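Colleague: Before I ask anything, let me first share the structure, which is written out below as structure tokens.
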Amino acid sequence: MPSTARAPEVGEPLEPLPKEFAAFMRPELPGLMKEIRIEVTRAYPVYGRLLNGPNAGAIRQGVEQALSAFVDRVDEPGKNAALRDELLRKFGRVEAYEGRELDTLQGAYRLGARIALRRAKAVGQQYRLSPTVILAFADALFAYVDELEAISREGYVEVQSRASSEVPAQRRRLLHLILAAPPLPQALPGLCEAAAWPLPAEVTMVALRSPVPEHLEAGLAGDVLMDLDIPQPHLLIPGGLTPERQAMLDAALVGGTQGAVGLTVPPAQAADSIRWARRVLQLADEGVVPDAPLLRCEDHLVTLWLLSDPPLVAQLAARELAPLDQLPASRRDRLVETLRVHISTRAPAEQVGDMLGVHAQTVRYRLRNLDARFGDRLADPAHRFALEAALRALHLRGGAGGAGGTGGREE
């Protein structure tokens with residue numbers, strides 16, 4: 001009965017290759033690795049992207065280990081390959097994280113083997129090795145590829161087996177760590193790997209109103225991190241708010257809760273992004289910004305800045321408007337509103353009067369009154385800027401009284 005071909009076990013000698021063959025192949029490894037990288041990325045462009053991403057170092061090291069471990073086994077049978085095995089498992093985990101079947105990785109392994117065999121044939125001709133040795137090399141090489149595939153499959157299955165239970169909890173933990181006080185923990189890349197979530201260069205935070213409807217989670221993409229069962233629910237979207245992400249949010253929020261989108265920032269600034277988003281929701285509650293199903297921080301940057309510290313704004317306004325302190329409240333309010341429109345628009349008295357609903361002569365009278373009380377402060381750039389900031393903030397908060405009037409001369 002004919003014997004069945006059997007792939008070698010991990011660490012088993014690759015007989016009948018002579019040990020001298022390792023000496024012939026080892027100098028070829030740097031060039032071989034470069035050739036494999038070029039050919040594989042040409043045949044599988046997705047690996048070109050990965051070689052420019054956060055896992056690039058591990059991928060290059062894994063390829064190097066896979067090649068050198070083969071040569072090491074010829075030279076020193078039984079040599080430990082623990083590092084190679086861990087890197088190969090990581091290859092499998094990356095494939096699972098990226099949502100690919102293992103066929104792509106297996107195809108890359110086999111393409112690499114064909115390139116190595118081509119190089120070995122050239123080495124064989126150079127050193128006049130017998131065809132038997134080259135055939136033995138080919139058998140051993142493709143058996144070795146089967147071994148690489150089996151080890152990578154372990155990492156792939158590992159991710160898939162925990163996807164339904166561990167990954168959601170890991171992702172919530174990851175979200176908490178990203179939103180913790182900076183700097184980001186050094187262990188973050190490992191936690192991202194455990195959570196099957198590649199760390200992006202930028203993130204966009206979304207603050208939601210509580211309670212969140214049950215259907216919302218089902219409408220979100222699989223890479224969106226979320227914590228929904230808390231008093232201040234929120235989402236983390238990898239990257240910016242592209243039209244596709246915008247459509248996703250719009251659809252998820254239909255008939256449900258309201259949200260506010262923070263600015264797109266590096267992960268280390270995610271806590272700032274969610275803080276700004278929550279502040280915009282608060283300003284909508286206060287009537288400062290117009291309400292909408294999905295608010296965007298980028299539409300209210302000046303408002304966020306001016307109202308970032310209300311007690312400080314109140315102190316600034318009290319200092320800059322001190323010359324009006326002794327006036328009756330109604331008269332003070334009229335002067336404050338006139339000063340706000342005048343400083344912010346730089347418009348002539350006629351246009352300011354139209355904006356305030358009073359006669360131009362009334363505006364001129366108020367401006368003369370303001371000049372008398374403020375003196376050189378209105379001409380000083382620093383004081384004008386501080387006044388404009390304080391007046392805009394007061395106006396946003398409704399702190400300046402309406403400037404009514406009949407157009408008559410004020411007493």
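Chain labels run A, B, ... following the order of the structure tokens; each chain numbers its residues from 1, and ligands are numbered from 1 in the order shown.
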As a PyMOL selection string, please: every residue in stretch 51-281 of chain A that a backbone DSSP assignment puts in helix (DSSP H, G or I).

Modeller: chain A and resi 56-75+82-97+103-127+131-162+166-179+188-194+217-219+243-253+267-281

Colleague: Taking 3 positions as the minimum chain separation for residues in the same chain, which residues sit within 9 Å of A:Val265 when counting only C-alpha atoms? Answer as number ranges by chain.

Modeller: A: 201-205, 239-240, 262, 268-270, 272-273

Colleague: If we count only C-alpha atoms, what is near A:Leu387 at a cut-off of 9 Å, once residues fewer than 4 positions away on the same chain are taken out, given as a VMD selection string?

Modeller: chain A and resid 316 to 317 320 to 321 339 to 340 343 378 382 to 383 391 to 392

Colleague: Report the distance between atom CA of A:Ala271 and atom CA of A:Val167 in Å, rounded to one decimal place.

Modeller: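 It comes out at 22.3 Å.
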
Colleague: Contacts of stretch 168-175 of chain A at 12 Å or less, counting only C-alpha atoms, minus same-chain residues fewer than 3 places along, as number ranges by chain?

Modeller: A: 162-165, 178-180, 184-185, 187-199, 203, 205, 222-230, 233-238, 267-268, 270-271, 274

Colleague: Between atom CA of A:Gly124 and atom CA of A:Asp72, what is the spacing in Å?

Modeller: 18.3 Å
